[in-house]
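Enquirer: Below is the structure I would like to discuss, written out as structure tokens.
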Amino acid sequence: MMGANKKYSGYTSWQFFEPGKDYKPFRLARVLNRVPSTVIQLSKAEEERVAEIIEKNILISFHDHAEIFPEDPKDFIEYERVGRPFIGYEGLAKAGFDAFFDGLKNGIALARGHDPWSIDNVIWQIGMVQADLDHQDLVFIGRKVEDIEKAFKEGKIAMIIHIEGAPHMGEELEWLDVLYGLGVRCMGIAYSRGNEYGGGLADKIDKGLTDLGYELIDRMNKLGILIDIAHAGDKTSLEVIEYSRYPVAITHAGARALWPSRRMKPDEVIQALAERGGVFGVEAAPHTTITKNNPRHSIESIMEHFQYIEKLVGIDHVAFGPDTLFGDHVALHKVFRDHLSITRQEEDLPPYPRVEYVDGLENPAEFVNIIRWLVKHGYSDQEIAKVVGGNILNLLKRVWR
Ligand SMILES: [Zn+2]
């Protein structure tokens with residue numbers, strides 16, 4: 001049964017505490033079936049192929065958020081201020097993946113009113129999520145390739161700690177050693193707005209990597225932290241790809257050739273990434289990977305990005321980083337527009353229809369729908385194995401040491 005038998009015990013986050021006394025409770029969104037999202041329909045033979053693919057291969061999501069958000073968007077800001085995540089274990093058990101990169105709550109974490117990118121806020125998030133994880137057996141922090149293999153064999157899920165941008169460490173880059181020690185295995189350079197290390201995708205002018213940025217990359221290379229340029233500016237991205245001693249990742253984005261948003265990547269960046277052995281994860285957060293053919297965001301628009309990138313750089317360099325969560329992601333974007341630099345990213349975009357959720361890829365439990373789509377559209381088992389995990393695993397074998 002290998003990859004298919006995820007064992008969910010019924011544990012819910014912080015159940016060992018007394019709500020109201022030990023922590024502030026929130027009414028949370030439903031983890032499963034919150035919205036009527038489409039399941040790709042398959043024949044019996046195709047269903048069997050999907051089950052076999054999950055069973056036999058190591059599956060990895062390059063970017064997701066395991067967290068459950070409050071049911072009422074009015075609670076979002078207070079929930080972030082409290083800084084205590086609730087994890088959707090029940091949904092993760094159904095996702096099909098053996099490991100996922102969890103982009104903690106970077107960019108929106110208002111924990112205790114601090115700068116979301118301060119080092120103490122980042123450490124708070126890493127420690128807080130592990131305090132909950134360590135009270136159950138399904139999900140554990142993955143620190144090496146063997147941990148992912150162990151998750152696959154033992155019916156567990158490895159959470160890879162992924163920080164979407166470098167925290168403010170100034171010149172004290174030894175903080176990177178501390179972050180690595182705490183489990184961080186993937187990190188961005190700048191989160192949308194530029195910082196002391198490089199330019200972000202929301203900057204009007206991307207100044208590129210700074211001197212300190214080059215030092216940051218050296219140290220990440222030496223430690224074995226995978227570098228993610230999903231939120232970096234184009235110039236910074238090209239400089240990182242060229243300078244890094246090891247291949248890098250774009251864990252969650254799409255193709256700008258299909259949709260003219262800053263959040264998407266131009267062909268030049270995607271090709272440079274692949275030429276150096278990097279892997280591109282296709283994104284699914286609401287209103288990101290849309291296309292002119294499929295402007296109403298759904299799994300169809302997402303797969304159009306996948307097919308474009310696959311044609312551009314080949315199947316060995318594509319994966320999926322859906323960037324989903326449990327709860328109302330569209331409302332979350334509305335509440336945290338400025339923190340996520342969404343207004344800036346949407347400047348000059350042509351008009352497009354807004355959706356309430358991304359049909360077919362709405363939360364982490366729907367990762368399996370990607371496999372269903374690929375089976376339905378004639379991809380071979382070998383090709384599917386590569387894009388839903390194999391390519392990421394090969395990259396990690398080169399970068400993590
Ligand atoms: Zn992101």
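Going through the structure tokens in order, the chains are called A, B, and so on, while each chain numbers its residues from 1 and the ligands are numbered from 1 in the order shown.
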Would you mind listing, for every residue of chain A within 9 Å of ligand 1, the two atoms forming the shortest contact and the distance between them in Å to one decimal, using only C-alpha atoms and all ligand atoms, sorted by chain and ascending residue number, as a tab-separated table?

Expert:
residue	atom	partner	partner_atom_place_in_ligand_line	distance
A:His63	CA	ligand 1	1 (Zn)	7.9
A:Asp64	CA	ligand 1	1 (Zn)	8.8
A:Gly103	CA	ligand 1	1 (Zn)	7.1
A:Asn106	CA	ligand 1	1 (Zn)	8.0
A:Gly107	CA	ligand 1	1 (Zn)	8.3
A:Glu164	CA	ligand 1	1 (Zn)	6.2
A:Gly165	CA	ligand 1	1 (Zn)	9.0
A:Tyr191	CA	ligand 1	1 (Zn)	7.8
A:Ser192	CA	ligand 1	1 (Zn)	8.7
A:Ala230	CA	ligand 1	1 (Zn)	6.9
A:His231	CA	ligand 1	1 (Zn)	6.6
A:Thr251	CA	ligand 1	1 (Zn)	8.4
A:His252	CA	ligand 1	1 (Zn)	6.6
A:Ala253	CA	ligand 1	1 (Zn)	8.3
A:Glu283	CA	ligand 1	1 (Zn)	8.8
A:Ala285	CA	ligand 1	1 (Zn)	8.7
A:Asp323	CA	ligand 1	1 (Zn)	6.9
A:Leu340	CA	ligand 1	1 (Zn)	8.5

Enquirer: Can you write out the residues you just picked, keeping C-alpha atoms, as a PDB file, in the first residue's frame?

Expert:
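So result24.pdb came out as:
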ATOM      1  CA  HIS A  63       3.871  24.656  -2.116  1.00  0.00           C
ATOM      2  CA  ASP A  64       0.755  24.507   0.026  1.00  0.00           C
ATOM      3  CA  GLY A 103       4.849  28.095   3.183  1.00  0.00           C
ATOM      4  CA  ASN A 106       4.777  34.476   5.443  1.00  0.00           C
ATOM      5  CA  GLY A 107       3.622  37.834   4.276  1.00  0.00           C
ATOM      6  CA  GLU A 164       8.695  32.435   1.255  1.00  0.00           C
ATOM      7  CA  GLY A 165      11.174  35.287   1.636  1.00  0.00           C
ATOM      8  CA  TYR A 191       8.696  38.227  -0.681  1.00  0.00           C
ATOM      9  CA  SER A 192       7.113  40.400  -3.383  1.00  0.00           C
ATOM     10  CA  ALA A 230       8.715  32.385  -6.792  1.00  0.00           C
ATOM     11  CA  HIS A 231       8.307  35.856  -5.267  1.00  0.00           C
ATOM     12  CA  THR A 251       7.859  26.598  -6.163  1.00  0.00           C
ATOM     13  CA  HIS A 252       4.604  28.301  -7.149  1.00  0.00           C
ATOM     14  CA  ALA A 253       3.946  30.499 -10.204  1.00  0.00           C
ATOM     15  CA  GLU A 283       0.495  27.566  -8.821  1.00  0.00           C
ATOM     16  CA  ALA A 285      -4.051  30.227  -5.649  1.00  0.00           C
ATOM     17  CA  ASP A 323      -0.561  27.066  -2.876  1.00  0.00           C
ATOM     18  CA  LEU A 340       0.448  40.245  -0.023  1.00  0.00           C
TER      19      LEU A 340
END

Enquirer: If you run DSSP on this backbone, which residues of stretch 173-327 of chain A come out as helix (DSSP H, G or I), and could you give them as a ChimeraX atom specification?

Expert: /A:175-181,211-223,234-243,267-275,299-313,315-317

Enquirer: Nearest residue to A:Glu78 out of A:Glu366, A:Glu146, A:Ala95, A:Phe26, using only C-alpha atoms?

Expert: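 The shortest atom-to-atom distance to A:Glu78 comes from A:Phe26.
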
Enquirer: Using only C-alpha atoms, can you tell me which of A:Ser37, A:Gln125, A:Thr12, A:Ser244 comes closest to A:Met220?

Expert: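 Ranked by minimum distance to A:Met220, first place goes to A:Ser244.
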
Enquirer: Just the residues within 12 Å of stretch 264-270 of chain A, please, counting only C-alpha atoms, with nothing from its chain fewer than 6 positions along; format it as a PyMOL selection string.

Expert: chain A and resi 192+201-202+229-242+248-258+276-284+287-291+302+305+308-314+317-318+345-346+349

Enquirer: Rounded to one decimal place, report the atom CA of A:Val129-atom CA of A:His168 distance in Å.

Expert: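 Separating atom CA of A:Val129 from atom CA of A:His168 is a distance of 20.8 Å.
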
Enquirer: Which residues are close to stretch 134-141 of chain A, i.e. within 7 Å by only C-alpha atoms, leaving aside same-chain residues fewer than 2 positions away? Reply as a short mmCIF file (atom, residue, chain, number, x, y, z; two decimals) with C-alpha atoms, in the first residue's frame.

Expert:
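And here is the file that came out, around-v2.cif:
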data_model
loop_
_atom_site.label_atom_id
_atom_site.label_comp_id
_atom_site.auth_asym_id
_atom_site.auth_seq_id
_atom_site.Cartn_x
_atom_site.Cartn_y
_atom_site.Cartn_z
CA LYS A 7 -3.37 7.02 8.75
CA TYR A 8 -5.46 9.83 10.23
CA TYR A 11 -6.48 14.31 16.09
CA GLN A 130 5.86 21.99 15.61
CA ALA A 131 4.30 22.20 19.08
CA ASP A 132 1.10 20.96 17.48
CA ARG A 143 14.62 17.47 6.99
CA LYS A 156 2.88 9.47 7.06
CA ILE A 157 3.37 12.92 5.53
CA ALA A 158 6.55 15.00 5.67
CA MET A 159 6.02 18.75 6.07
CA ILE A 160 8.95 20.68 4.60
#

Enquirer: From a DSSP calculation on the backbone, collect every residue of stretch 129-291 of chain A in strand (DSSP E or B) and output the set as a ChimeraX atom specification.

Expert: /A:139-141,157-163,168,184-188,200,226-228,232,249-253,255,265,279-282

Enquirer: For the atom pair atom CA of A:Ala4 and atom CA of A:Tyr89, what is the interatomic distance in Å to one decimal place?

Expert: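 Taking atom CA of A:Ala4 as the start and atom CA of A:Tyr89 as the end point, the length is 15.3 Å.
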
Enquirer: What separation in Å, quoted to one decimal, exists between atom CA of A:Leu59 and atom CA of A:Thr324?

Expert: 16.2 Å

Enquirer: So that I can see what lies close to stretch 27-30 of chain A, please list as a VMD selection string the residues with an atom at most 6 Å from it, counting only C-alpha atoms and leaving out residues fewer than 4 positions away in the same chain.

Expert: chain A and resid 34 69 to 71 327
